[in-house]
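Undergrad: Dropping in entry_22.pdb, which is PDB, C-alpha atoms, pLDDT in the B column:
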```
ATOM      1  CA  MET K 136     -35.405 -19.935 -63.669  1.00 97.00           C
ATOM      2  CA  ARG K 137     -33.230 -21.454 -66.343  1.00 97.00           C
ATOM      3  CA  VAL K 138     -30.958 -18.855 -67.977  1.00 98.00           C
ATOM      4  CA  VAL K 139     -29.276 -19.530 -71.318  1.00 97.00           C
ATOM      5  CA  VAL K 140     -26.618 -17.044 -72.473  1.00 98.00           C
ATOM      6  CA  LEU K 141     -25.573 -17.140 -76.133  1.00 98.00           C
ATOM      7  CA  GLN K 142     -22.035 -15.936 -76.822  1.00 98.00           C
ATOM      8  CA  THR K 143     -21.901 -15.431 -80.585  1.00 98.00           C
ATOM      9  CA  ASP K 144     -19.224 -14.649 -83.161  1.00 98.00           C
ATOM     10  CA  ILE K 145     -21.286 -11.954 -84.858  1.00 98.00           C
ATOM     11  CA  ALA K 146     -21.211 -11.818 -88.664  1.00 98.00           C
ATOM     12  CA  TRP K 147     -20.877  -8.168 -89.660  1.00 98.00           C
ATOM     13  CA  ALA K 148     -24.117  -6.599 -90.925  1.00 98.00           C
ATOM     14  CA  ASP K 149     -25.711  -9.988 -91.672  1.00 98.00           C
ATOM     15  CA  PRO K 150     -28.854 -10.549 -89.577  1.00 98.00           C
ATOM     16  CA  GLN K 151     -29.790 -13.785 -91.319  1.00 98.00           C
ATOM     17  CA  ALA K 152     -26.393 -15.386 -90.646  1.00 98.00           C
ATOM     18  CA  ASN K 153     -26.568 -14.307 -87.014  1.00 98.00           C
ATOM     19  CA  ILE K 154     -30.073 -15.719 -86.622  1.00 98.00           C
ATOM     20  CA  LEU K 155     -28.842 -19.082 -87.931  1.00 98.00           C
ATOM     21  CA  GLN K 156     -25.913 -18.995 -85.494  1.00 98.00           C
ATOM     22  CA  ALA K 157     -28.214 -18.235 -82.551  1.00 98.00           C
ATOM     23  CA  GLU K 158     -30.479 -21.130 -83.525  1.00 97.00           C
ATOM     24  CA  LYS K 159     -27.496 -23.482 -83.664  1.00 97.00           C
ATOM     25  CA  LEU K 160     -26.238 -22.377 -80.247  1.00 96.00           C
ATOM     26  CA  LEU K 161     -29.681 -22.838 -78.740  1.00 95.00           C
ATOM     27  CA  GLU K 162     -29.463 -26.512 -79.668  1.00 90.00           C
ATOM     28  CA  GLU K 163     -26.676 -26.884 -77.060  1.00 83.00           C
ATOM     29  CA  HIS K 164     -29.041 -25.880 -74.237  1.00 83.00           C
ATOM     30  CA  ALA K 165     -32.548 -26.324 -75.604  1.00 79.00           C
ATOM     31  CA  PRO K 166     -34.609 -23.822 -73.584  1.00 83.00           C
ATOM     32  CA  GLU K 167     -37.556 -25.114 -71.626  1.00 87.00           C
ATOM     33  CA  ALA K 168     -40.769 -23.152 -71.104  1.00 93.00           C
ATOM     34  CA  GLY K 169     -40.153 -20.287 -68.688  1.00 95.00           C
ATOM     35  CA  ALA K 170     -36.455 -19.963 -69.526  1.00 98.00           C
ATOM     36  CA  LEU K 171     -34.623 -16.709 -70.272  1.00 98.00           C
ATOM     37  CA  ILE K 172     -32.383 -16.484 -73.357  1.00 98.00           C
ATOM     38  CA  VAL K 173     -29.804 -13.674 -73.465  1.00 98.00           C
ATOM     39  CA  LEU K 174     -27.975 -12.521 -76.617  1.00 98.00           C
ATOM     40  CA  PRO K 175     -25.170  -9.927 -76.954  1.00 98.00           C
ATOM     41  CA  GLU K 176     -25.408  -6.249 -77.844  1.00 98.00           C
ATOM     42  CA  MET K 177     -26.357  -5.575 -81.493  1.00 98.00           C
ATOM     43  CA  TRP K 178     -26.321  -9.337 -81.931  1.00 98.00           C
ATOM     44  CA  ALA K 179     -27.764  -9.252 -85.462  1.00 98.00           C
ATOM     45  CA  THR K 180     -25.244  -6.815 -87.015  1.00 98.00           C
ATOM     46  CA  GLY K 181     -22.219  -6.259 -84.819  1.00 98.00           C
ATOM     47  CA  PHE K 182     -21.464  -3.004 -83.000  1.00 98.00           C
ATOM     48  CA  ALA K 183     -22.400  -0.535 -85.727  1.00 95.00           C
ATOM     49  CA  VAL K 184     -21.609   2.857 -84.196  1.00 93.00           C
ATOM     50  CA  ASN K 185     -22.531   4.309 -87.586  1.00 95.00           C
ATOM     51  CA  PRO K 186     -25.771   2.419 -88.226  1.00 95.00           C
ATOM     52  CA  ILE K 187     -26.635   4.027 -91.563  1.00 95.00           C
ATOM     53  CA  GLY K 188     -27.179   1.244 -94.073  1.00 95.00           C
ATOM     54  CA  ILE K 189     -26.726  -1.415 -91.372  1.00 97.00           C
ATOM     55  CA  ALA K 190     -29.495  -0.908 -88.814  1.00 98.00           C
ATOM     56  CA  GLU K 191     -32.813  -2.579 -89.543  1.00 98.00           C
ATOM     57  CA  ASP K 192     -36.071  -0.681 -89.579  1.00 98.00           C
ATOM     58  CA  GLU K 193     -37.750  -1.643 -86.317  1.00 98.00           C
ATOM     59  CA  SER K 194     -41.089  -2.242 -88.055  1.00 97.00           C
ATOM     60  CA  THR K 195     -39.631  -4.783 -90.505  1.00 98.00           C
ATOM     61  CA  SER K 196     -36.646  -6.187 -88.578  1.00 98.00           C
ATOM     62  CA  ILE K 197     -36.127  -9.890 -89.228  1.00 98.00           C
ATOM     63  CA  ALA K 198     -33.984 -10.117 -86.066  1.00 98.00           C
ATOM     64  CA  LEU K 199     -36.751  -8.722 -83.884  1.00 98.00           C
ATOM     65  CA  ALA K 200     -39.273 -10.970 -85.632  1.00 98.00           C
ATOM     66  CA  TRP K 201     -37.028 -13.947 -84.802  1.00 98.00           C
ATOM     67  CA  MET K 202     -36.875 -12.931 -81.140  1.00 98.00           C
ATOM     68  CA  LYS K 203     -40.677 -12.753 -81.030  1.00 98.00           C
ATOM     69  CA  ARG K 204     -41.101 -16.080 -82.809  1.00 98.00           C
ATOM     70  CA  THR K 205     -38.566 -17.830 -80.576  1.00 97.00           C
ATOM     71  CA  ALA K 206     -40.227 -16.486 -77.423  1.00 98.00           C
ATOM     72  CA  ARG K 207     -43.630 -17.621 -78.650  1.00 97.00           C
ATOM     73  CA  GLU K 208     -42.568 -21.086 -79.830  1.00 96.00           C
ATOM     74  CA  CYS K 209     -40.402 -21.871 -76.780  1.00 95.00           C
ATOM     75  CA  GLY K 210     -42.540 -20.168 -74.142  1.00 97.00           C
ATOM     76  CA  CYS K 211     -39.422 -18.228 -73.147  1.00 97.00           C
ATOM     77  CA  ALA K 212     -38.204 -14.682 -72.729  1.00 98.00           C
ATOM     78  CA  VAL K 213     -35.536 -13.455 -75.159  1.00 98.00           C
ATOM     79  CA  SER K 214     -33.283 -10.482 -74.383  1.00 98.00           C
ATOM     80  CA  GLY K 215     -30.682  -8.760 -76.545  1.00 98.00           C
ATOM     81  CA  SER K 216     -29.998  -5.459 -78.263  1.00 98.00           C
ATOM     82  CA  LEU K 217     -30.411  -4.483 -81.909  1.00 98.00           C
ATOM     83  CA  ALA K 218     -29.352  -1.495 -83.989  1.00 98.00           C
ATOM     84  CA  VAL K 219     -32.661  -0.153 -85.284  1.00 98.00           C
ATOM     85  CA  SER K 220     -34.144   2.894 -86.925  1.00 98.00           C
ATOM     86  CA  VAL K 221     -37.451   3.944 -85.381  1.00 97.00           C
ATOM     87  CA  GLY K 222     -40.514   5.905 -86.408  1.00 94.00           C
ATOM     88  CA  ASP K 223     -39.156   9.344 -85.509  1.00 95.00           C
ATOM     89  CA  GLY K 224     -36.190   8.855 -87.853  1.00 94.00           C
ATOM     90  CA  SER K 225     -33.627   8.284 -85.102  1.00 97.00           C
ATOM     91  CA  TYR K 226     -31.318   5.319 -84.608  1.00 98.00           C
ATOM     92  CA  ARG K 227     -31.344   3.421 -81.320  1.00 98.00           C
ATOM     93  CA  ASN K 228     -29.238   0.791 -79.622  1.00 98.00           C
ATOM     94  CA  ARG K 229     -32.394  -0.858 -78.343  1.00 98.00           C
ATOM     95  CA  HIS K 230     -32.238  -3.653 -75.777  1.00 98.00           C
ATOM     96  CA  TYR K 231     -35.380  -5.712 -76.327  1.00 98.00           C
ATOM     97  CA  PHE K 232     -37.006  -7.982 -73.793  1.00 98.00           C
ATOM     98  CA  VAL K 233     -39.498 -10.190 -75.612  1.00 98.00           C
ATOM     99  CA  THR K 234     -41.923 -12.704 -74.098  1.00 98.00           C
ATOM    100  CA  PRO K 235     -44.797 -14.651 -75.657  1.00 97.00           C
ATOM    101  CA  GLU K 236     -47.208 -11.968 -74.386  1.00 96.00           C
ATOM    102  CA  ARG K 237     -45.352  -8.658 -74.663  1.00 95.00           C
ATOM    103  CA  ASN K 238     -42.388  -6.734 -76.021  1.00 97.00           C
ATOM    104  CA  GLU K 239     -40.491  -4.236 -73.877  1.00 98.00           C
ATOM    105  CA  TYR K 240     -37.261  -2.376 -74.449  1.00 98.00           C
ATOM    106  CA  TYR K 241     -34.565  -0.177 -72.980  1.00 98.00           C
ATOM    107  CA  ASP K 242     -32.612   2.319 -75.104  1.00 98.00           C
ATOM    108  CA  LYS K 243     -28.944   2.393 -74.141  1.00 98.00           C
ATOM    109  CA  ARG K 244     -28.381   5.374 -71.850  1.00 98.00           C
ATOM    110  CA  HIS K 245     -24.586   5.648 -71.859  1.00 98.00           C
ATOM    111  CA  LEU K 246     -23.427   5.800 -75.464  1.00 97.00           C
ATOM    112  CA  PHE K 247     -19.784   4.967 -76.146  1.00 96.00           C
ATOM    113  CA  ALA K 248     -18.471   8.411 -77.085  1.00 95.00           C
ATOM    114  CA  TYR K 249     -14.897   7.080 -77.328  1.00 94.00           C
ATOM    115  CA  GLY K 250     -16.091   5.045 -80.324  1.00 93.00           C
ATOM    116  CA  HIS K 251     -18.394   7.818 -81.637  1.00 95.00           C
ATOM    117  CA  GLU K 252     -21.594   5.912 -80.928  1.00 96.00           C
ATOM    118  CA  ASP K 253     -23.117   9.197 -79.751  1.00 95.00           C
ATOM    119  CA  ASP K 254     -22.575  10.780 -83.175  1.00 96.00           C
ATOM    120  CA  PHE K 255     -25.352   8.691 -84.700  1.00 97.00           C
ATOM    121  CA  ILE K 256     -27.450   7.019 -82.010  1.00 97.00           C
ATOM    122  CA  THR K 257     -30.017   8.671 -79.756  1.00 98.00           C
ATOM    123  CA  PRO K 258     -29.643   7.727 -76.071  1.00 98.00           C
ATOM    124  CA  GLY K 259     -32.344   6.533 -73.728  1.00 97.00           C
ATOM    125  CA  ARG K 260     -33.085   8.414 -70.525  1.00 93.00           C
ATOM    126  CA  GLU K 261     -34.466   6.024 -67.929  1.00 94.00           C
ATOM    127  CA  ALA K 262     -33.516   2.733 -66.353  1.00 97.00           C
ATOM    128  CA  VAL K 263     -35.884  -0.078 -67.307  1.00 98.00           C
ATOM    129  CA  ILE K 264     -36.882  -3.040 -65.141  1.00 98.00           C
ATOM    130  CA  VAL K 265     -38.968  -5.879 -66.592  1.00 98.00           C
ATOM    131  CA  GLU K 266     -40.557  -8.926 -64.968  1.00 98.00           C
ATOM    132  CA  TRP K 267     -40.424 -12.582 -65.927  1.00 98.00           C
ATOM    133  CA  GLN K 268     -41.407 -15.656 -63.943  1.00 97.00           C
ATOM    134  CA  GLY K 269     -41.538 -13.609 -60.737  1.00 97.00           C
ATOM    135  CA  TRP K 270     -38.083 -12.128 -61.335  1.00 98.00           C
ATOM    136  CA  ARG K 271     -37.428  -8.394 -61.634  1.00 98.00           C
ATOM    137  CA  LEU K 272     -34.733  -7.778 -64.249  1.00 98.00           C
ATOM    138  CA  LEU K 273     -32.756  -4.592 -64.903  1.00 98.00           C
ATOM    139  CA  LEU K 274     -31.765  -4.144 -68.557  1.00 98.00           C
ATOM    140  CA  LEU K 275     -28.273  -2.753 -69.225  1.00 98.00           C
ATOM    141  CA  THR K 276     -26.174  -2.456 -72.367  1.00 98.00           C
ATOM    142  CA  CYS K 277     -22.375  -2.647 -72.548  1.00 98.00           C
ATOM    143  CA  TYR K 278     -20.899   0.765 -71.561  1.00 98.00           C
ATOM    144  CA  ASP K 279     -23.645   1.132 -68.918  1.00 98.00           C
ATOM    145  CA  LEU K 280     -21.559  -1.326 -66.889  1.00 98.00           C
ATOM    146  CA  ARG K 281     -19.102   1.448 -66.040  1.00 98.00           C
ATOM    147  CA  PHE K 282     -21.755   3.624 -64.349  1.00 97.00           C
ATOM    148  CA  PRO K 283     -22.773   2.072 -61.021  1.00 96.00           C
ATOM    149  CA  VAL K 284     -25.016   4.915 -59.866  1.00 93.00           C
ATOM    150  CA  PHE K 285     -27.303   4.519 -62.887  1.00 95.00           C
ATOM    151  CA  SER K 286     -27.878   0.846 -62.101  1.00 95.00           C
ATOM    152  CA  ARG K 287     -27.822   1.066 -58.338  1.00 94.00           C
ATOM    153  CA  TYR K 288     -30.426  -1.054 -56.590  1.00 94.00           C
ATOM    154  CA  GLY K 289     -33.051   1.222 -55.097  1.00 91.00           C
ATOM    155  CA  ARG K 290     -32.198   4.123 -57.380  1.00 88.00           C
ATOM    156  CA  ALA K 291     -32.830   2.381 -60.695  1.00 90.00           C
ATOM    157  CA  GLY K 292     -35.562   0.458 -58.881  1.00 92.00           C
ATOM    158  CA  GLU K 293     -35.805  -2.846 -57.076  1.00 95.00           C
ATOM    159  CA  TYR K 294     -34.632  -5.868 -59.032  1.00 98.00           C
ATOM    160  CA  ASP K 295     -33.230  -9.375 -58.627  1.00 98.00           C
ATOM    161  CA  ALA K 296     -30.890  -9.671 -61.602  1.00 98.00           C
ATOM    162  CA  ILE K 297     -29.142  -7.528 -64.179  1.00 98.00           C
ATOM    163  CA  ILE K 298     -29.261  -8.553 -67.826  1.00 99.00           C
ATOM    164  CA  LEU K 299     -26.125  -7.078 -69.394  1.00 99.00           C
ATOM    165  CA  VAL K 300     -25.640  -7.389 -73.153  1.00 99.00           C
ATOM    166  CA  ALA K 301     -22.356  -6.233 -74.668  1.00 98.00           C
ATOM    167  CA  ASN K 302     -19.740  -6.012 -77.389  1.00 98.00           C
ATOM    168  CA  TRP K 303     -16.859  -5.612 -74.930  1.00 98.00           C
ATOM    169  CA  PRO K 304     -13.423  -5.845 -76.606  1.00 98.00           C
ATOM    170  CA  ALA K 305     -10.550  -8.045 -75.511  1.00 98.00           C
ATOM    171  CA  LYS K 306      -8.248  -5.121 -74.752  1.00 97.00           C
ATOM    172  CA  ARG K 307     -10.582  -4.112 -71.902  1.00 98.00           C
ATOM    173  CA  GLN K 308     -11.411  -7.626 -70.723  1.00 98.00           C
ATOM    174  CA  HIS K 309      -9.887  -7.042 -67.292  1.00 98.00           C
ATOM    175  CA  ALA K 310     -12.430  -4.283 -66.634  1.00 98.00           C
ATOM    176  CA  TRP K 311     -15.265  -6.538 -67.871  1.00 98.00           C
ATOM    177  CA  ASN K 312     -14.311  -9.279 -65.426  1.00 98.00           C
ATOM    178  CA  ILE K 313     -14.060  -6.962 -62.429  1.00 98.00           C
ATOM    179  CA  LEU K 314     -17.084  -4.760 -63.134  1.00 98.00           C
ATOM    180  CA  THR K 315     -19.531  -7.583 -63.825  1.00 98.00           C
ATOM    181  CA  GLN K 316     -18.621  -9.129 -60.482  1.00 98.00           C
ATOM    182  CA  ALA K 317     -18.738  -5.749 -58.731  1.00 98.00           C
ATOM    183  CA  ARG K 318     -22.269  -5.013 -59.975  1.00 98.00           C
ATOM    184  CA  ALA K 319     -23.398  -8.376 -58.602  1.00 98.00           C
ATOM    185  CA  ILE K 320     -21.790  -7.879 -55.200  1.00 97.00           C
ATOM    186  CA  GLU K 321     -22.799  -4.274 -54.585  1.00 96.00           C
ATOM    187  CA  ASN K 322     -26.433  -4.843 -55.612  1.00 97.00           C
ATOM    188  CA  GLN K 323     -26.802  -8.334 -54.107  1.00 97.00           C
ATOM    189  CA  CYS K 324     -28.113  -9.599 -57.413  1.00 98.00           C
ATOM    190  CA  PHE K 325     -27.382 -12.037 -60.187  1.00 98.00           C
ATOM    191  CA  VAL K 326     -25.664 -10.688 -63.293  1.00 98.00           C
ATOM    192  CA  LEU K 327     -26.451 -12.371 -66.610  1.00 99.00           C
ATOM    193  CA  ALA K 328     -23.722 -11.080 -68.914  1.00 99.00           C
ATOM    194  CA  ALA K 329     -23.675 -11.832 -72.659  1.00 99.00           C
ATOM    195  CA  ASN K 330     -20.612 -10.716 -74.607  1.00 98.00           C
ATOM    196  CA  ARG K 331     -19.475 -11.649 -78.114  1.00 98.00           C
ATOM    197  CA  CYS K 332     -16.318 -13.272 -79.488  1.00 98.00           C
ATOM    198  CA  GLY K 333     -14.517 -12.922 -82.825  1.00 98.00           C
ATOM    199  CA  ASN K 334     -13.811  -9.722 -84.746  1.00 98.00           C
ATOM    200  CA  ASP K 335     -15.542  -6.724 -86.263  1.00 96.00           C
ATOM    201  CA  PRO K 336     -13.991  -3.921 -88.351  1.00 94.00           C
ATOM    202  CA  GLN K 337     -12.737  -2.163 -85.203  1.00 93.00           C
ATOM    203  CA  CYS K 338     -12.059  -4.696 -82.441  1.00 97.00           C
ATOM    204  CA  HIS K 339     -11.211  -8.219 -81.337  1.00 98.00           C
ATOM    205  CA  TYR K 340     -13.415  -9.930 -78.734  1.00 98.00           C
ATOM    206  CA  ILE K 341     -12.800 -12.929 -76.496  1.00 98.00           C
ATOM    207  CA  GLY K 342     -16.182 -13.311 -74.823  1.00 98.00           C
ATOM    208  CA  GLY K 343     -16.127 -14.034 -71.133  1.00 98.00           C
ATOM    209  CA  SER K 344     -19.907 -14.188 -70.961  1.00 98.00           C
ATOM    210  CA  ALA K 345     -20.918 -15.302 -67.495  1.00 98.00           C
ATOM    211  CA  ILE K 346     -23.725 -15.929 -65.044  1.00 98.00           C
ATOM    212  CA  ILE K 347     -22.659 -14.457 -61.711  1.00 98.00           C
ATOM    213  CA  ASN K 348     -24.280 -14.892 -58.307  1.00 98.00           C
ATOM    214  CA  PRO K 349     -24.789 -12.142 -55.685  1.00 97.00           C
ATOM    215  CA  LEU K 350     -21.464 -13.040 -54.051  1.00 96.00           C
ATOM    216  CA  GLY K 351     -19.662 -12.243 -57.285  1.00 97.00           C
ATOM    217  CA  GLN K 352     -18.971 -15.904 -57.987  1.00 98.00           C
ATOM    218  CA  LYS K 353     -19.240 -17.120 -61.572  1.00 98.00           C
ATOM    219  CA  LEU K 354     -21.692 -19.993 -61.802  1.00 98.00           C
ATOM    220  CA  CYS K 355     -20.542 -20.514 -65.381  1.00 98.00           C
ATOM    221  CA  GLU K 356     -18.324 -18.668 -67.845  1.00 98.00           C
ATOM    222  CA  ALA K 357     -17.797 -18.932 -71.594  1.00 98.00           C
ATOM    223  CA  ALA K 358     -14.371 -19.430 -73.131  1.00 95.00           C
ATOM    224  CA  ASP K 359     -13.209 -17.647 -76.271  1.00 97.00           C
ATOM    225  CA  ALA K 360     -15.610 -19.344 -78.682  1.00 97.00           C
ATOM    226  CA  ALA K 361     -19.141 -19.203 -79.991  1.00 98.00           C
ATOM    227  CA  ILE K 362     -20.922 -21.154 -77.283  1.00 97.00           C
ATOM    228  CA  SER K 363     -23.963 -21.202 -75.030  1.00 97.00           C
ATOM    229  CA  ILE K 364     -23.858 -21.449 -71.237  1.00 97.00           C
ATOM    230  CA  SER K 365     -26.693 -21.980 -68.800  1.00 97.00           C
ATOM    231  CA  ALA K 366     -27.570 -22.079 -65.111  1.00 97.00           C
ATOM    232  CA  ASP K 367     -30.641 -22.555 -62.948  1.00 97.00           C
ATOM    233  CA  LEU K 368     -31.306 -19.661 -60.575  1.00 98.00           C
ATOM    234  CA  GLU K 369     -33.451 -19.779 -57.431  1.00 97.00           C
ATOM    235  CA  LEU K 370     -35.341 -16.645 -56.442  1.00 97.00           C
ATOM    236  CA  ASP K 371     -36.163 -17.930 -52.949  1.00 96.00           C
ATOM    237  CA  GLU K 372     -32.473 -18.472 -52.285  1.00 93.00           C
ATOM    238  CA  LEU K 373     -31.655 -14.912 -53.366  1.00 96.00           C
ATOM    239  CA  GLN K 374     -34.365 -13.433 -51.166  1.00 95.00           C
ATOM    240  CA  ALA K 375     -33.204 -15.465 -48.166  1.00 94.00           C
ATOM    241  CA  LYS K 376     -29.620 -14.266 -48.594  1.00 93.00           C
ATOM    242  CA  ARG K 377     -30.765 -10.661 -48.784  1.00 95.00           C
ATOM    243  CA  GLN K 378     -32.736 -11.109 -45.576  1.00 94.00           C
ATOM    244  CA  ARG K 379     -29.788 -12.644 -43.719  1.00 94.00           C
ATOM    245  CA  PHE K 380     -27.099 -10.236 -44.905  1.00 93.00           C
ATOM    246  CA  ARG K 381     -28.894  -6.910 -45.186  1.00 91.00           C
ATOM    247  CA  VAL K 382     -26.498  -4.863 -47.284  1.00 90.00           C
ATOM    248  CA  LEU K 383     -29.290  -3.301 -49.332  1.00 90.00           C
ATOM    249  CA  ALA K 384     -31.223  -2.178 -46.268  1.00 87.00           C
ATOM    250  CA  ASP K 385     -28.115  -0.791 -44.589  1.00 86.00           C
ATOM    251  CA  ARG K 386     -27.272   1.537 -47.474  1.00 77.00           C
ATOM    252  CA  ASP K 387     -30.743   2.893 -48.243  1.00 65.00           C
ATOM    253  CA  THR K 388     -29.936   6.273 -46.706  1.00 66.00           C
ATOM    254  CA  ASP K 389     -27.046   6.679 -49.136  1.00 69.00           C
ATOM    255  CA  LEU K 390     -29.585   7.405 -51.865  1.00 61.00           C
ATOM    256  CA  TYR K 391     -30.341  10.750 -50.256  1.00 56.00           C
ATOM    257  CA  LEU K 392     -26.700  11.812 -50.243  1.00 52.00           C
ATOM    258  CA  MET K 393     -26.466  11.851 -54.036  1.00 49.00           C
ATOM    259  CA  VAL K 394     -27.208  14.983 -56.036  1.00 45.00           C
TER     260      VAL K 394
END
```
Can the structure in the file be given as structure tokens, please?
TA:
Amino acid sequence: MRVVVLQTDIAWADPQANILQAEKLLEEHAPEAGALIVLPEMWATGFAVNPIGIAEDESTSIALAWMKRTARECGCAVSGSLAVSVGDGSYRNRHYFVTPERNEYYDKRHLFAYGHEDDFITPGREAVIVEWQGWRLLLLTCYDLRFPVFSRYGRAGEYDAIILVANWPAKRQHAWNILTQARAIENQCFVLAANRCGNDPQCHYIGGSAIINPLGQKLCEAADAAISISADLELDELQAKRQRFRVLADRDTDLYLMV
């Protein structure tokens, strides 16, 4: 599977500008049919912890409509989170996974209380795994990265890769680098990590988006710029490595030790 990660310099509260930027970055690695495109957290607005007046209505969102149109026209899957208001009146940090045939989503479980995200946004409750081109993909959003039990293989469910979308600031970049690699190693999976660069009203970001293999090795990594990166992943190779080095099987009983 070809994976294309878009690291964007998000224009604050301007979905149309961010759509144009995503389209430009896609030109660097034109996705082929069957590819997976990954965008950052709240890629259409920036990390709006107070989404009032910024979040789009899910039913009329131009950013979500663009994701659907891109998936349909390219024959690809498109993944990324948006700040949206939904039918029950709540706001969600909703990580969408859009294909030509269906739309699925995961609502961010671990809200960033340090930044007051939990004051306005309603959390999700369950881990979500989607499927594309034979791959099983766990959807995570930013702060979720710090909670390994929630995403643990066999507890969240069985999957082959983690799609992690984020607005992870430069002052905590060291943690980003270590934790993305740790999640790959401990779950014997690929990690497809899309961060942003640039600035918003609260923070500075330097990117570091990466595609990481199950050994924790970075197949590619983005510098501090708006850029796209890509890699071709082999599912057969992953399955063979899991069969040879059976870390996942050897820790299955650990699941019963947790309360």
Undergrad: Can you work out which one of K:Ser363, K:Asn228, K:Gln308, K:Gln323 has the shortest atom-to-atom distance to Ile341 in chain K, counting only C-alpha atoms?
TA: K:Gln308
Undergrad: Which residues fall under the PyMOL selection byres ((chain K and resi 202-219) around 9) in this file, as a VMD selection string?
TA: chain K and resid 166 to 184 186 189 to 193 196 to 201 220 to 221 225 to 238 240 to 243 256 267 274 276 298 to 301 329
Undergrad: From the list K:Cys277, K:Gly342, K:Arg318, K:Asp223, which residue is nearest Ala305 in chain K when using only C-alpha atoms?
TA: K:Gly342
Undergrad: Rounded to one decimal place, report the CA of Lys376 in chain K-CA of Phe325 in chain K distance in Å.
TA: 12.0 Å
Undergrad: Interatomic distance between CA of Gly250 in chain K and CA of Pro336 in chain K?
TA: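 According to the coordinates, CA of Gly250 in chain K and CA of Pro336 in chain K are separated by 12.2 Å.
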Undergrad: Quick one: pull the distance between CA of Ser194 in chain K and CA of Glu266 in chain K, Å, one decimal.
TA: 24.0 Å
Undergrad: Generate the coordinates of N, CA and C atoms for range 265-282 of chain K; report them as a PDB file, in the frame of the given file.
TA:
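The resulting file, rebuild-v3.pdb, is reproduced below:
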```
ATOM      1  N   VAL K 265     -37.895  -5.039 -66.069  1.00 98.00           N
ATOM      2  CA  VAL K 265     -38.968  -5.879 -66.592  1.00 98.00           C
ATOM      3  C   VAL K 265     -39.179  -7.048 -65.643  1.00 98.00           C
ATOM      4  N   GLU K 266     -40.255  -7.777 -65.829  1.00 98.00           N
ATOM      5  CA  GLU K 266     -40.557  -8.926 -64.968  1.00 98.00           C
ATOM      6  C   GLU K 266     -40.759 -10.176 -65.808  1.00 98.00           C
ATOM      7  N   TRP K 267     -40.263 -11.292 -65.269  1.00 98.00           N
ATOM      8  CA  TRP K 267     -40.424 -12.582 -65.927  1.00 98.00           C
ATOM      9  C   TRP K 267     -40.342 -13.689 -64.884  1.00 98.00           C
ATOM     10  N   GLN K 268     -41.364 -14.509 -64.854  1.00 97.00           N
ATOM     11  CA  GLN K 268     -41.407 -15.656 -63.943  1.00 97.00           C
ATOM     12  C   GLN K 268     -41.172 -15.244 -62.486  1.00 97.00           C
ATOM     13  N   GLY K 269     -41.684 -14.096 -62.103  1.00 97.00           N
ATOM     14  CA  GLY K 269     -41.538 -13.609 -60.737  1.00 97.00           C
ATOM     15  C   GLY K 269     -40.245 -12.859 -60.478  1.00 97.00           C
ATOM     16  N   TRP K 270     -39.352 -12.836 -61.470  1.00 98.00           N
ATOM     17  CA  TRP K 270     -38.083 -12.128 -61.335  1.00 98.00           C
ATOM     18  C   TRP K 270     -38.208 -10.698 -61.853  1.00 98.00           C
ATOM     19  N   ARG K 271     -37.529  -9.772 -61.175  1.00 98.00           N
ATOM     20  CA  ARG K 271     -37.428  -8.394 -61.634  1.00 98.00           C
ATOM     21  C   ARG K 271     -36.032  -8.208 -62.226  1.00 98.00           C
ATOM     22  N   LEU K 272     -35.968  -7.756 -63.482  1.00 98.00           N
ATOM     23  CA  LEU K 272     -34.733  -7.778 -64.249  1.00 98.00           C
ATOM     24  C   LEU K 272     -34.400  -6.389 -64.782  1.00 98.00           C
ATOM     25  N   LEU K 273     -33.228  -5.875 -64.414  1.00 98.00           N
ATOM     26  CA  LEU K 273     -32.756  -4.592 -64.903  1.00 98.00           C
ATOM     27  C   LEU K 273     -32.022  -4.799 -66.223  1.00 98.00           C
ATOM     28  N   LEU K 274     -32.403  -4.038 -67.254  1.00 98.00           N
ATOM     29  CA  LEU K 274     -31.765  -4.144 -68.557  1.00 98.00           C
ATOM     30  C   LEU K 274     -30.632  -3.133 -68.680  1.00 98.00           C
ATOM     31  N   LEU K 275     -29.431  -3.617 -68.981  1.00 98.00           N
ATOM     32  CA  LEU K 275     -28.273  -2.753 -69.225  1.00 98.00           C
ATOM     33  C   LEU K 275     -27.602  -3.153 -70.531  1.00 98.00           C
ATOM     34  N   THR K 276     -26.861  -2.203 -71.106  1.00 98.00           N
ATOM     35  CA  THR K 276     -26.174  -2.456 -72.367  1.00 98.00           C
ATOM     36  C   THR K 276     -24.735  -1.957 -72.298  1.00 98.00           C
ATOM     37  N   CYS K 277     -23.812  -2.866 -72.370  1.00 98.00           N
ATOM     38  CA  CYS K 277     -22.375  -2.647 -72.548  1.00 98.00           C
ATOM     39  C   CYS K 277     -21.806  -1.526 -71.666  1.00 98.00           C
ATOM     40  N   TYR K 278     -21.573  -0.343 -72.250  1.00 98.00           N
ATOM     41  CA  TYR K 278     -20.899   0.765 -71.561  1.00 98.00           C
ATOM     42  C   TYR K 278     -21.615   1.170 -70.274  1.00 98.00           C
ATOM     43  N   ASP K 279     -22.913   0.885 -70.163  1.00 98.00           N
ATOM     44  CA  ASP K 279     -23.645   1.132 -68.918  1.00 98.00           C
ATOM     45  C   ASP K 279     -22.948   0.488 -67.722  1.00 98.00           C
ATOM     46  N   LEU K 280     -22.214  -0.596 -67.961  1.00 98.00           N
ATOM     47  CA  LEU K 280     -21.559  -1.326 -66.889  1.00 98.00           C
ATOM     48  C   LEU K 280     -20.612  -0.449 -66.087  1.00 98.00           C
ATOM     49  N   ARG K 281     -20.080   0.583 -66.701  1.00 98.00           N
ATOM     50  CA  ARG K 281     -19.102   1.448 -66.040  1.00 98.00           C
ATOM     51  C   ARG K 281     -19.738   2.524 -65.152  1.00 98.00           C
ATOM     52  N   PHE K 282     -21.064   2.547 -65.066  1.00 97.00           N
ATOM     53  CA  PHE K 282     -21.755   3.624 -64.349  1.00 97.00           C
ATOM     54  C   PHE K 282     -22.638   3.039 -63.247  1.00 97.00           C
TER      55      PHE K 282
END
```
